[in-house]
$ cat protein_9.csv   # CSV, C-alpha atoms
chain,number,residue,atom,x,y,z
A,3,MET,CA,-40.7,-48.0,-42.6
A,4,ALA,CA,-38.2,-49.1,-45.2
A,5,TYR,CA,-35.8,-46.3,-46.4
A,6,GLU,CA,-37.2,-43.9,-43.8
A,7,GLU,CA,-34.0,-42.0,-43.4
A,8,GLU,CA,-33.3,-41.9,-47.1
A,9,GLN,CA,-36.8,-40.6,-47.7
A,10,LYS,CA,-36.4,-37.7,-45.2
A,11,VAL,CA,-33.1,-36.7,-46.8
A,12,ALA,CA,-34.5,-37.0,-50.3
A,13,ILE,CA,-37.5,-34.8,-49.5
A,14,ALA,CA,-35.3,-32.1,-47.9
A,15,ALA,CA,-32.9,-32.2,-50.8
A,16,VAL,CA,-35.6,-32.0,-53.5
A,17,LEU,CA,-37.4,-29.1,-51.7
A,18,LYS,CA,-34.2,-27.1,-51.5
A,19,ALA,CA,-33.5,-27.7,-55.2
A,20,CYS,CA,-37.0,-26.6,-56.1
A,21,ASP,CA,-36.5,-23.4,-54.1
A,22,VAL,CA,-33.3,-22.6,-55.9
A,23,ALA,CA,-34.9,-23.3,-59.3
A,24,GLN,CA,-37.8,-21.0,-58.6
A,25,ALA,CA,-35.6,-18.3,-57.3
A,26,THR,CA,-33.4,-18.6,-60.5
A,27,PHE,CA,-36.4,-18.4,-62.8
A,28,GLN,CA,-37.5,-15.1,-61.1
A,29,LYS,CA,-34.0,-13.5,-61.5
A,30,LEU,CA,-32.1,-14.8,-64.5
A,31,VAL,CA,-32.2,-13.8,-68.1
A,32,ASN,CA,-31.9,-16.3,-70.9
A,33,ASP,CA,-28.3,-15.6,-71.8
A,34,GLU,CA,-27.1,-17.0,-68.5
A,35,THR,CA,-27.1,-20.5,-69.8
A,36,VAL,CA,-24.6,-23.1,-70.9
A,37,THR,CA,-25.4,-25.2,-73.9
A,38,LYS,CA,-24.6,-28.9,-73.6
A,39,LYS,CA,-23.3,-31.0,-76.4
A,40,ASP,CA,-26.8,-32.4,-77.1
A,41,LYS,CA,-27.9,-28.7,-77.5
A,42,SER,CA,-30.4,-28.7,-74.7
A,43,PRO,CA,-30.2,-25.6,-72.5
A,44,VAL,CA,-28.8,-25.9,-69.1
A,45,THR,CA,-29.5,-23.1,-66.8
A,46,VAL,CA,-27.6,-22.2,-63.7
A,47,ALA,CA,-30.5,-23.7,-61.8
A,48,ASP,CA,-29.7,-27.2,-63.0
A,49,TYR,CA,-26.2,-26.9,-61.7
A,50,ALA,CA,-27.1,-25.2,-58.4
A,51,ALA,CA,-29.9,-27.8,-57.8
A,52,GLN,CA,-27.5,-30.7,-58.4
A,53,ALA,CA,-24.9,-29.1,-56.2
A,54,LEU,CA,-27.3,-28.8,-53.3
A,55,VAL,CA,-28.9,-32.2,-53.6
A,56,SER,CA,-25.4,-33.8,-54.0
A,57,THR,CA,-24.1,-32.0,-50.9
A,58,LEU,CA,-26.9,-33.2,-48.6
A,59,ILE,CA,-27.1,-36.8,-49.8
A,60,GLY,CA,-23.3,-37.0,-49.9
A,61,LYS,CA,-23.1,-35.9,-46.3
A,62,SER,CA,-25.9,-38.1,-45.2
A,63,PHE,CA,-25.0,-41.3,-47.2
A,64,PRO,CA,-21.4,-41.0,-48.2
A,65,ASP,CA,-21.3,-44.6,-49.3
A,66,TYR,CA,-24.1,-44.2,-51.9
A,67,PRO,CA,-22.9,-43.2,-55.3
A,68,LEU,CA,-24.8,-40.5,-57.2
A,69,ILE,CA,-25.7,-40.7,-60.9
A,70,GLY,CA,-26.5,-37.1,-61.9
A,71,GLU,CA,-27.3,-35.5,-65.2
A,72,GLU,CA,-24.9,-32.6,-65.0
A,73,ASP,CA,-21.1,-32.3,-64.6
A,74,ALA,CA,-19.0,-29.3,-64.0
A,75,THR,CA,-16.5,-29.6,-66.8
A,76,ASP,CA,-17.8,-26.6,-68.8
A,77,LEU,CA,-18.1,-24.5,-65.6
A,78,LYS,CA,-14.3,-24.8,-64.9
A,79,THR,CA,-13.4,-22.8,-68.0
A,80,GLU,CA,-12.6,-19.1,-67.9
A,81,GLU,CA,-15.4,-18.4,-70.5
A,82,GLN,CA,-17.9,-19.6,-67.9
A,83,ALA,CA,-16.6,-17.7,-64.9
A,84,SER,CA,-19.7,-15.5,-64.6
A,85,VAL,CA,-22.0,-18.5,-64.8
A,86,ARG,CA,-19.9,-20.3,-62.2
A,87,GLU,CA,-20.0,-17.3,-59.9
A,88,LYS,CA,-23.8,-17.2,-60.2
A,89,ILE,CA,-24.2,-20.8,-59.4
A,90,VAL,CA,-22.1,-20.5,-56.2
A,91,GLU,CA,-24.0,-17.4,-55.2
A,92,LEU,CA,-27.4,-19.1,-55.7
A,93,ALA,CA,-26.3,-22.3,-53.9
A,94,ASN,CA,-24.9,-20.4,-50.9
A,95,LYS,CA,-28.0,-18.3,-50.7
A,96,ALA,CA,-30.3,-21.4,-50.8
A,97,LEU,CA,-28.1,-23.0,-48.1
A,98,SER,CA,-28.7,-20.0,-45.8
A,99,GLU,CA,-32.5,-20.0,-46.2
A,100,ASN,CA,-35.2,-22.3,-44.9
A,101,SER,CA,-37.0,-24.8,-47.2
A,102,GLY,CA,-40.2,-26.7,-46.6
A,103,THR,CA,-41.3,-27.5,-43.0
A,104,SER,CA,-39.2,-27.2,-39.9
A,105,GLN,CA,-38.7,-31.0,-40.1
A,106,ASP,CA,-37.4,-30.7,-43.6
A,107,GLN,CA,-35.0,-27.9,-42.7
A,108,ALA,CA,-33.7,-29.7,-39.7
A,109,VAL,CA,-32.3,-32.3,-42.0
A,110,TRP,CA,-29.9,-29.7,-43.4
A,111,ASN,CA,-28.2,-29.3,-40.0
A,112,ILE,CA,-25.7,-31.8,-41.2
A,113,VAL,CA,-24.5,-29.3,-43.8
A,114,GLY,CA,-25.2,-26.1,-41.9
A,115,LYS,CA,-25.9,-22.6,-43.4
A,116,GLU,CA,-22.4,-21.2,-43.8
A,117,PRO,CA,-21.3,-20.4,-47.4
A,118,LEU,CA,-19.2,-23.1,-49.1
A,119,PRO,CA,-16.3,-22.3,-51.5
A,120,THR,CA,-16.5,-22.6,-55.2
A,121,GLU,CA,-14.5,-25.8,-55.4
A,122,THR,CA,-16.7,-27.6,-52.9
A,123,TRP,CA,-19.8,-26.8,-55.0
A,124,LEU,CA,-18.1,-27.9,-58.3
A,125,ASP,CA,-17.0,-31.1,-56.6
A,126,ALA,CA,-20.6,-31.7,-55.5
A,127,ILE,CA,-21.8,-31.3,-59.1
A,128,ASP,CA,-19.1,-33.7,-60.3
A,129,ARG,CA,-20.1,-36.3,-57.7
A,130,GLY,CA,-22.9,-37.2,-60.2
A,131,ASN,CA,-20.2,-38.7,-62.4
A,132,ALA,CA,-20.0,-41.8,-60.2
A,133,LYS,CA,-19.7,-45.1,-62.0
A,134,TYR,CA,-23.0,-46.9,-62.1
A,135,SER,CA,-23.4,-50.2,-60.3
A,136,ASN,CA,-26.4,-52.5,-60.2
A,137,LYS,CA,-25.2,-53.9,-56.8
A,138,GLY,CA,-26.1,-52.0,-53.7
A,139,ARG,CA,-27.7,-48.6,-53.4
A,140,VAL,CA,-27.2,-45.7,-55.8
A,141,TRP,CA,-29.0,-42.3,-56.3
A,142,ALA,CA,-30.2,-41.1,-59.7
A,143,LEU,CA,-30.8,-37.4,-60.0
A,144,ASP,CA,-32.2,-35.1,-62.7
A,145,PRO,CA,-31.8,-31.7,-61.0
A,146,ILE,CA,-34.3,-30.1,-63.4
A,147,ASP,CA,-36.2,-32.5,-65.6
A,148,GLY,CA,-37.8,-30.5,-68.4
A,149,THR,CA,-35.3,-27.7,-68.7
A,150,LYS,CA,-37.2,-26.1,-71.6
A,151,GLY,CA,-40.4,-26.2,-69.7
A,152,PHE,CA,-38.6,-24.5,-66.8
A,153,LEU,CA,-37.4,-21.8,-69.2
A,154,ARG,CA,-40.9,-21.3,-70.5
A,155,GLY,CA,-42.4,-21.1,-67.0
A,156,GLY,CA,-44.2,-24.4,-67.6
A,157,GLN,CA,-44.0,-27.8,-66.0
A,158,TYR,CA,-40.7,-29.2,-64.8
A,159,ALA,CA,-39.6,-31.5,-62.0
A,160,VAL,CA,-36.7,-32.1,-59.6
A,161,CYS,CA,-36.4,-35.9,-59.6
A,162,LEU,CA,-34.4,-38.0,-57.2
A,163,ALA,CA,-34.6,-41.8,-57.0
A,164,LEU,CA,-32.8,-44.4,-54.9
A,165,LEU,CA,-32.0,-47.7,-56.7
A,166,GLU,CA,-31.1,-50.9,-55.0
A,167,ASP,CA,-29.5,-53.7,-56.9
A,168,GLY,CA,-30.6,-52.0,-60.2
A,169,GLU,CA,-34.2,-51.4,-59.2
A,170,PRO,CA,-35.9,-48.2,-58.1
A,171,VAL,CA,-37.0,-48.4,-54.4
A,172,LEU,CA,-37.6,-44.8,-53.5
A,173,GLY,CA,-38.6,-41.8,-55.5
A,174,VAL,CA,-39.1,-38.1,-54.6
A,175,MET,CA,-40.2,-35.5,-57.2
A,176,GLY,CA,-40.8,-31.8,-56.7
A,177,THR,CA,-43.1,-30.0,-59.2
A,178,PRO,CA,-43.1,-26.3,-58.3
A,179,ASN,CA,-45.6,-25.3,-61.0
A,180,LEU,CA,-48.1,-28.1,-60.6
A,181,PRO,CA,-51.2,-27.3,-58.6
A,182,LEU,CA,-52.0,-29.4,-55.5
A,183,ASP,CA,-55.4,-30.1,-57.0
A,184,TYR,CA,-55.5,-30.3,-60.8
A,185,ASN,CA,-59.2,-29.4,-60.9
A,186,ASN,CA,-58.8,-26.5,-58.5
A,187,PRO,CA,-56.0,-24.1,-59.7
A,188,SER,CA,-56.5,-21.9,-56.6
A,189,SER,CA,-55.4,-24.9,-54.4
A,190,GLY,CA,-51.9,-23.5,-54.8
A,191,LYS,CA,-48.8,-24.6,-56.7
A,192,GLY,CA,-45.9,-26.7,-55.5
A,193,VAL,CA,-46.4,-30.5,-55.0
A,194,LEU,CA,-44.0,-33.1,-53.8
A,195,PHE,CA,-44.6,-36.7,-54.9
A,196,VAL,CA,-43.1,-39.4,-52.6
A,197,THR,CA,-43.1,-43.2,-53.0
A,198,THR,CA,-41.2,-46.2,-51.7
A,199,LYS,CA,-41.5,-49.7,-53.1
A,200,GLY,CA,-44.4,-51.6,-51.6
A,201,SER,CA,-45.6,-48.7,-49.5
A,202,GLY,CA,-47.9,-46.8,-52.0
A,203,ALA,CA,-47.8,-43.4,-53.6
A,204,PHE,CA,-48.3,-40.0,-51.9
A,205,GLN,CA,-48.3,-36.3,-52.5
A,206,ARG,CA,-47.9,-33.3,-50.2
A,207,SER,CA,-47.5,-29.5,-50.6
A,208,PHE,CA,-44.1,-27.9,-50.2
A,209,THR,CA,-45.2,-26.4,-46.8
A,210,SER,CA,-47.0,-29.4,-45.2
A,211,SER,CA,-45.4,-32.6,-43.9
A,212,GLU,CA,-48.6,-34.6,-44.3
A,213,LEU,CA,-48.4,-37.2,-47.0
A,214,GLN,CA,-51.7,-37.8,-48.8
A,215,PRO,CA,-52.2,-41.1,-50.6
A,216,ILE,CA,-52.8,-40.9,-54.4
A,217,GLU,CA,-53.9,-43.5,-57.0
A,218,MET,CA,-54.5,-43.9,-60.6
A,219,ALA,CA,-58.0,-42.9,-61.8
A,220,LYS,CA,-60.5,-45.8,-61.9
A,221,ILE,CA,-61.6,-46.1,-65.5
A,222,SER,CA,-63.2,-49.2,-67.0
A,223,SER,CA,-62.2,-48.7,-70.6
A,224,LEU,CA,-59.6,-46.7,-72.7
A,225,SER,CA,-62.4,-44.7,-74.3
A,226,GLU,CA,-62.7,-42.9,-71.0
A,227,ALA,CA,-59.0,-42.1,-70.9
A,228,SER,CA,-56.9,-39.1,-71.6
A,229,PHE,CA,-53.1,-39.2,-72.1
A,230,CYS,CA,-50.1,-37.0,-71.4
A,231,GLU,CA,-47.4,-36.4,-73.9
A,232,SER,CA,-44.3,-34.2,-74.1
A,233,VAL,CA,-44.5,-30.6,-75.3
A,234,GLU,CA,-41.3,-31.0,-77.2
A,235,ALA,CA,-41.8,-32.6,-80.6
A,236,GLY,CA,-38.3,-34.2,-80.4
A,237,HIS,CA,-39.4,-36.3,-77.4
A,238,SER,CA,-42.2,-38.2,-79.1
A,239,SER,CA,-44.0,-38.6,-82.4
A,240,LYS,CA,-47.3,-36.7,-82.1
A,241,PRO,CA,-48.9,-38.1,-85.3
A,242,LEU,CA,-48.1,-41.6,-84.0
A,243,ASN,CA,-49.6,-40.6,-80.6
A,244,ALA,CA,-52.7,-39.3,-82.3
A,245,ARG,CA,-53.2,-42.6,-84.2
A,246,ILE,CA,-52.7,-44.6,-81.0
A,247,ALA,CA,-55.4,-42.4,-79.3
A,248,GLN,CA,-57.7,-43.1,-82.2
A,249,LEU,CA,-57.1,-46.9,-82.0
A,250,MET,CA,-57.9,-46.7,-78.2
A,251,GLY,CA,-61.1,-44.7,-78.8
A,252,ILE,CA,-59.7,-41.7,-76.9
A,253,THR,CA,-61.5,-38.5,-77.9
A,254,LYS,CA,-60.1,-36.1,-75.2
A,255,PRO,CA,-57.3,-33.9,-76.4
A,256,PRO,CA,-53.9,-34.9,-75.0
A,257,VAL,CA,-52.4,-33.0,-72.1
A,258,GLN,CA,-49.0,-31.7,-73.0
A,259,MET,CA,-46.4,-31.0,-70.3
A,260,ASP,CA,-42.7,-31.4,-69.8
A,261,SER,CA,-40.8,-33.7,-67.5
A,262,GLN,CA,-41.7,-36.4,-65.1
A,263,ALA,CA,-44.6,-34.3,-64.1
A,264,LYS,CA,-46.5,-36.5,-66.6
A,265,TYR,CA,-45.9,-39.5,-64.3
A,266,CYS,CA,-47.1,-37.5,-61.4
A,267,SER,CA,-50.2,-36.3,-63.3
A,268,ILE,CA,-51.4,-39.8,-64.2
A,269,ALA,CA,-50.4,-41.3,-60.8
A,270,ARG,CA,-52.9,-39.1,-59.1
A,271,GLY,CA,-55.7,-39.4,-61.7
A,272,ASP,CA,-55.3,-36.1,-63.6
A,273,GLY,CA,-54.7,-38.2,-66.8
A,274,ASN,CA,-54.5,-41.9,-67.5
A,275,VAL,CA,-51.9,-42.8,-70.1
A,276,TYR,CA,-48.3,-41.5,-70.7
A,277,LEU,CA,-46.7,-42.2,-74.1
A,278,ARG,CA,-43.1,-41.5,-74.9
A,279,LEU,CA,-42.3,-43.2,-78.2
A,280,PRO,CA,-38.8,-42.7,-79.6
A,281,THR,CA,-38.2,-40.5,-82.6
A,282,SER,CA,-34.7,-41.9,-83.2
A,283,ALA,CA,-33.7,-45.5,-83.5
A,284,THR,CA,-30.5,-44.8,-81.5
A,285,TYR,CA,-31.8,-42.8,-78.6
A,286,GLU,CA,-31.6,-44.4,-75.2
A,287,GLU,CA,-33.7,-43.1,-72.3
A,288,LYS,CA,-31.7,-42.0,-69.2
A,289,ILE,CA,-32.4,-43.7,-65.9
A,290,TRP,CA,-32.8,-40.4,-64.1
A,291,ASP,CA,-35.7,-39.4,-66.4
A,292,HIS,CA,-37.8,-42.4,-65.4
A,293,ALA,CA,-36.7,-44.1,-62.2
A,294,SER,CA,-38.8,-42.1,-59.7
A,295,GLY,CA,-41.8,-41.6,-62.0
A,296,ALA,CA,-42.0,-45.3,-63.0
A,297,LEU,CA,-42.0,-46.3,-59.4
A,298,LEU,CA,-44.6,-43.7,-58.5
A,299,VAL,CA,-47.0,-44.9,-61.2
A,300,ALA,CA,-46.5,-48.6,-60.2
A,301,GLU,CA,-47.2,-47.8,-56.6
A,302,ALA,CA,-50.3,-45.8,-57.6
A,303,GLY,CA,-51.8,-48.8,-59.3
A,304,GLY,CA,-50.3,-48.4,-62.8
A,305,ARG,CA,-47.9,-50.3,-65.0
A,306,VAL,CA,-44.9,-49.0,-66.8
A,307,THR,CA,-43.1,-50.8,-69.7
A,308,ASP,CA,-41.4,-49.9,-72.9
A,309,MET,CA,-43.4,-49.8,-76.2
A,310,HIS,CA,-43.0,-53.6,-76.6
A,311,GLY,CA,-44.4,-54.4,-73.2
A,312,LYS,CA,-41.0,-55.1,-71.6
A,313,PRO,CA,-40.4,-53.9,-68.0
A,314,LEU,CA,-38.0,-51.0,-67.8
A,315,ASP,CA,-34.6,-52.4,-66.9
A,316,PHE,CA,-32.6,-50.0,-64.7
A,317,SER,CA,-29.8,-52.4,-64.1
A,318,ARG,CA,-27.8,-51.8,-67.3
A,319,GLY,CA,-26.2,-48.5,-66.5
A,320,ARG,CA,-27.0,-44.8,-67.0
A,321,THR,CA,-29.4,-45.5,-69.8
A,322,LEU,CA,-32.3,-47.9,-70.4
A,323,SER,CA,-30.3,-49.5,-73.2
A,324,GLY,CA,-32.6,-52.6,-73.2
A,325,ASN,CA,-35.8,-50.7,-73.7
A,326,LYS,CA,-37.4,-48.6,-76.5
A,327,GLY,CA,-39.9,-45.9,-75.5
A,328,VAL,CA,-41.9,-45.7,-72.3
A,329,ILE,CA,-45.6,-46.4,-71.8
A,330,ALA,CA,-47.4,-45.9,-68.5
A,331,SER,CA,-51.1,-46.7,-67.9
A,332,PRO,CA,-53.6,-48.3,-65.6
A,333,ALA,CA,-52.4,-51.8,-65.0
A,334,HIS,CA,-55.6,-53.5,-66.0
A,335,LEU,CA,-55.7,-51.7,-69.4
A,336,HIS,CA,-52.0,-51.8,-70.1
A,337,ASP,CA,-52.1,-54.8,-72.5
A,338,GLN,CA,-54.7,-52.9,-74.6
A,339,VAL,CA,-52.5,-49.9,-74.8
A,340,ILE,CA,-49.5,-52.0,-75.9
A,341,LYS,CA,-51.7,-53.6,-78.6
A,342,ALA,CA,-52.8,-50.2,-80.0
A,343,VAL,CA,-49.2,-49.0,-79.9
A,344,GLN,CA,-48.0,-52.0,-81.8
A,345,GLN,CA,-50.6,-51.6,-84.5
A,346,ALA,CA,-49.8,-47.9,-84.9
A,347,LEU,CA,-46.1,-48.7,-85.1
A,348,SER,CA,-46.8,-51.3,-87.8
A,349,GLU,CA,-48.8,-48.8,-89.8
A,350,SER,CA,-46.1,-46.2,-89.5
A,351,GLU,CA,-43.4,-48.7,-90.7
A,352,ALA,CA,-45.6,-49.5,-93.7
A,353,GLY,CA,-45.9,-45.8,-94.5
A,354,LYS,CA,-49.6,-45.6,-93.7
A,355,LEU,CA,-49.3,-42.7,-91.3

$ encode --input "protein_9.csv" --output "structure tokens"
Amino acid sequence: MAYEEEQKVAIAAVLKACDVAQATFQKLVNDETVTKKDKSPVTVADYAAQALVSTLIGKSFPDYPLIGEEDATDLKTEEQASVREKIVELANKALSENSGTSQDQAVWNIVGKEPLPTETWLDAIDRGNAKYSNKGRVWALDPIDGTKGFLRGGQYAVCLALLEDGEPVLGVMGTPNLPLDYNNPSSGKGVLFVTTKGSGAFQRSFTSSELQPIEMAKISSLSEASFCESVEAGHSSKPLNARIAQLMGITKPPVQMDSQAKYCSIARGDGNVYLRLPTSATYEEKIWDHASGALLVAEAGGRVTDMHGKPLDFSRGRTLSGNKGVIASPAHLHDQVIKAVQQALSESEAGKL
């Protein structure tokens, strides 16, 4: 299987990051955060998760650069000493404990279980500052996608993708708060979504190594559909989404959740359409927010483009600078979704919404 070793390492890394995130949520209080320049909250879990993932993939594939969301600049100040200490404590504790199945844990033998010093962990976080290249292989990581959802106890995801020559070829996403079966909450929470280009889309629980194939729901018209949108108002225009739903004949209320869990949800048929329309003319989507999810939906029988129907272009750098917005839907209905989006956008620009 293509990318077999990369997939094993990515699964083990994401599971470990999910473990540290869940442990952090149980123990930390809200004042143990750092605020980034864009004002989004960054918990110690983001940093610890990036440090862990970076350490394992750096040991396993030292020649593959890492593009990560976080960097350790703020953590190196005296003002953040207590936060820095907490991150090191959490990372070392996670390193000493088992994650996932015995096969998943075995991958960590390359790192071991002995505590690592502060500088090693900070360097691991900063490995995510690598220069992007659209030649060869590079990892893209969002250690906790949906930080505000994480802080609320809602949906969030640890998202890791491998890009080759500027195109996603492998994706692994961990969703600790998503049930294994959407229609059966008692099925247990904690789902891993795994995909490689040309090989289909799969899910598994955190504690089972068996990958189960998933696919988009088979619907014949958009009137049967439901769609997922972000909880955060700043991530998409809800009035515009509502008008698009009306144009498509959708009557079901939207499912609101944070993070790339939305991609996971529609890829396995919990919903059908994901809309993320920009609320700012200057905002550019980050590659780590979409690489693994877009590949998962495509491999599950969907199609992912921007709001103009253009394929997402991951070859330009750390952002999707050539695209505006993101739309994911069943492939055979995607053109209809784009048509509804364009009509709603036209009405909005004319001041009719």

$ closest_residue --input "protein_9.csv" --among "A:Ala342, A:Asp260, A:Pro241, A:Gly311" --to "Lys354 of chain A" --atoms "only C-alpha atoms"
A:Pro241

$ closest_atom_pairs --input "protein_9.csv" --of "segment 256-291 of chain A" --to "segment 213-217 of chain A" --cutoff "9 Å" --atoms "all atoms listed in the file" --output "JSON lines"
{"residue": "A:Ile268", "atom": "CA", "partner": "A:Glu217", "partner_atom": "CA", "distance": 8.5}
{"residue": "A:Ala269", "atom": "CA", "partner": "A:Glu217", "partner_atom": "CA", "distance": 5.6}
{"residue": "A:Arg270", "atom": "CA", "partner": "A:Glu217", "partner_atom": "CA", "distance": 5.0}
{"residue": "A:Gly271", "atom": "CA", "partner": "A:Glu217", "partner_atom": "CA", "distance": 6.5}

$ closest_atom_pairs --input "protein_9.csv" --of "segment 185-263 of chain A" --to "segment 289-299 of chain A" --cutoff "7 Å" --atoms "only C-alpha atoms" --output "Markdown table"
| residue | atom | partner | partner_atom | distance |
| --- | --- | --- | --- | --- |
| A:Thr197 | CA | A:Leu298 | CA | 5.7 |
| A:Ala203 | CA | A:Leu298 | CA | 5.9 |
| A:Gln262 | CA | A:Gly295 | CA | 6.1 |

$ closest_atom_pairs --input "protein_9.csv" --of "segment 56-97 of chain A" --to "segment 110-132 of chain A" --cutoff "6 Å" --atoms "only C-alpha atoms" --output "CSV"
residue,atom,partner,partner_atom,distance
A:Ser56,CA,A:Ala126,CA,5.4
A:Thr57,CA,A:Ala126,CA,5.8
A:Pro67,CA,A:Ala132,CA,5.9
A:Leu68,CA,A:Gly130,CA,4.8
A:Ile69,CA,A:Gly130,CA,4.5
A:Gly70,CA,A:Gly130,CA,4.0
A:Asp73,CA,A:Asp128,CA,4.9
A:Ala74,CA,A:Asp128,CA,5.7
A:Asn94,CA,A:Pro117,CA,5.0
A:Leu97,CA,A:Lys115,CA,5.2

$ closest_residue --input "protein_9.csv" --among "A:Pro43, A:Gly202, A:Gly102, A:Gly60" --to "Ala19 of chain A" --atoms "all atoms listed in the file"
A:Gly102

$ residues_around --input "protein_9.csv" --residues "segment 144-150 of chain A" --least-positions-apart "3" --cutoff "9 Å" --atoms "all atoms listed in the file" --output "PDB file with C-alpha atoms, keeping the file's coordinate frame"
ATOM      1  CA  VAL A  16     -35.600 -32.000 -53.500  1.00  0.00           C
ATOM      2  CA  ALA A  19     -33.500 -27.700 -55.200  1.00  0.00           C
ATOM      3  CA  CYS A  20     -37.000 -26.600 -56.100  1.00  0.00           C
ATOM      4  CA  ALA A  23     -34.900 -23.300 -59.300  1.00  0.00           C
ATOM      5  CA  SER A  42     -30.400 -28.700 -74.700  1.00  0.00           C
ATOM      6  CA  PRO A  43     -30.200 -25.600 -72.500  1.00  0.00           C
ATOM      7  CA  VAL A  44     -28.800 -25.900 -69.100  1.00  0.00           C
ATOM      8  CA  THR A  45     -29.500 -23.100 -66.800  1.00  0.00           C
ATOM      9  CA  ALA A  47     -30.500 -23.700 -61.800  1.00  0.00           C
ATOM     10  CA  ASP A  48     -29.700 -27.200 -63.000  1.00  0.00           C
ATOM     11  CA  TYR A  49     -26.200 -26.900 -61.700  1.00  0.00           C
ATOM     12  CA  ALA A  50     -27.100 -25.200 -58.400  1.00  0.00           C
ATOM     13  CA  ALA A  51     -29.900 -27.800 -57.800  1.00  0.00           C
ATOM     14  CA  GLN A  52     -27.500 -30.700 -58.400  1.00  0.00           C
ATOM     15  CA  ALA A  53     -24.900 -29.100 -56.200  1.00  0.00           C
ATOM     16  CA  VAL A  55     -28.900 -32.200 -53.600  1.00  0.00           C
ATOM     17  CA  ILE A  69     -25.700 -40.700 -60.900  1.00  0.00           C
ATOM     18  CA  GLY A  70     -26.500 -37.100 -61.900  1.00  0.00           C
ATOM     19  CA  GLU A  71     -27.300 -35.500 -65.200  1.00  0.00           C
ATOM     20  CA  GLU A  72     -24.900 -32.600 -65.000  1.00  0.00           C
ATOM     21  CA  LEU A 153     -37.400 -21.800 -69.200  1.00  0.00           C
ATOM     22  CA  ARG A 154     -40.900 -21.300 -70.500  1.00  0.00           C
ATOM     23  CA  GLY A 155     -42.400 -21.100 -67.000  1.00  0.00           C
ATOM     24  CA  GLY A 156     -44.200 -24.400 -67.600  1.00  0.00           C
ATOM     25  CA  GLN A 157     -44.000 -27.800 -66.000  1.00  0.00           C
ATOM     26  CA  TYR A 158     -40.700 -29.200 -64.800  1.00  0.00           C
ATOM     27  CA  ALA A 159     -39.600 -31.500 -62.000  1.00  0.00           C
ATOM     28  CA  VAL A 160     -36.700 -32.100 -59.600  1.00  0.00           C
ATOM     29  CA  CYS A 161     -36.400 -35.900 -59.600  1.00  0.00           C
ATOM     30  CA  LEU A 162     -34.400 -38.000 -57.200  1.00  0.00           C
ATOM     31  CA  GLU A 234     -41.300 -31.000 -77.200  1.00  0.00           C
ATOM     32  CA  MET A 259     -46.400 -31.000 -70.300  1.00  0.00           C
ATOM     33  CA  ASP A 260     -42.700 -31.400 -69.800  1.00  0.00           C
ATOM     34  CA  SER A 261     -40.800 -33.700 -67.500  1.00  0.00           C
ATOM     35  CA  GLN A 262     -41.700 -36.400 -65.100  1.00  0.00           C
ATOM     36  CA  ALA A 263     -44.600 -34.300 -64.100  1.00  0.00           C
ATOM     37  CA  TRP A 290     -32.800 -40.400 -64.100  1.00  0.00           C
ATOM     38  CA  ASP A 291     -35.700 -39.400 -66.400  1.00  0.00           C
TER      39      ASP A 291
END

$ closest_residue --input "protein_9.csv" --among "A:Val11, A:Ile340, A:Val193, A:Ile89" --to "Thr26 of chain A" --atoms "all atoms listed in the file"
A:Ile89

$ closest_residue --input "protein_9.csv" --among "A:Ile329, A:Leu54, A:Leu165, A:Val85" --to "Lys264 of chain A" --atoms "all atoms listed in the file"
A:Ile329

$ residues_around --input "protein_9.csv" --residues "Tyr5 of chain A" --least-positions-apart "4" --cutoff "12 Å" --atoms "only C-alpha atoms" --output "PyMOL selection string"
chain A and resi 9-12+63+139+163-166+170-173+196-201

$ closest_residue --input "protein_9.csv" --among "A:Ala25, A:Ile13, A:Val109, A:Leu58" --to "Lys95 of chain A" --atoms "all atoms listed in the file"
A:Ala25

$ closest_residue --input "protein_9.csv" --among "A:Phe152, A:Gly319, A:Thr209, A:Glu7" --to "Gln28 of chain A" --atoms "all atoms listed in the file"
A:Phe152

$ residues_around --input "protein_9.csv" --residues "Gly251 of chain A" --least-positions-apart "5" --cutoff "9 Å" --atoms "all atoms listed in the file" --output "list in words"
Leu224, Ser225, Glu226, Ala227 and Ile246 of chain A

$ residues_near_point --input "protein_9.csv" --point "(-47.0, -49.4, -78.8)" --cutoff "9 Å" --atoms "only C-alpha atoms" --output "tab-separated table (two decimals) with C-alpha atoms, keeping the file's coordinate frame"
chain	number	residue	atom	x	y	z
A	246	ILE	CA	-52.70	-44.60	-81.00
A	277	LEU	CA	-46.70	-42.20	-74.10
A	279	LEU	CA	-42.30	-43.20	-78.20
A	308	ASP	CA	-41.40	-49.90	-72.90
A	309	MET	CA	-43.40	-49.80	-76.20
A	310	HIS	CA	-43.00	-53.60	-76.60
A	311	GLY	CA	-44.40	-54.40	-73.20
A	327	GLY	CA	-39.90	-45.90	-75.50
A	329	ILE	CA	-45.60	-46.40	-71.80
A	339	VAL	CA	-52.50	-49.90	-74.80
A	340	ILE	CA	-49.50	-52.00	-75.90
A	341	LYS	CA	-51.70	-53.60	-78.60
A	342	ALA	CA	-52.80	-50.20	-80.00
A	343	VAL	CA	-49.20	-49.00	-79.90
A	344	GLN	CA	-48.00	-52.00	-81.80
A	345	GLN	CA	-50.60	-51.60	-84.50
A	346	ALA	CA	-49.80	-47.90	-84.90
A	347	LEU	CA	-46.10	-48.70	-85.10
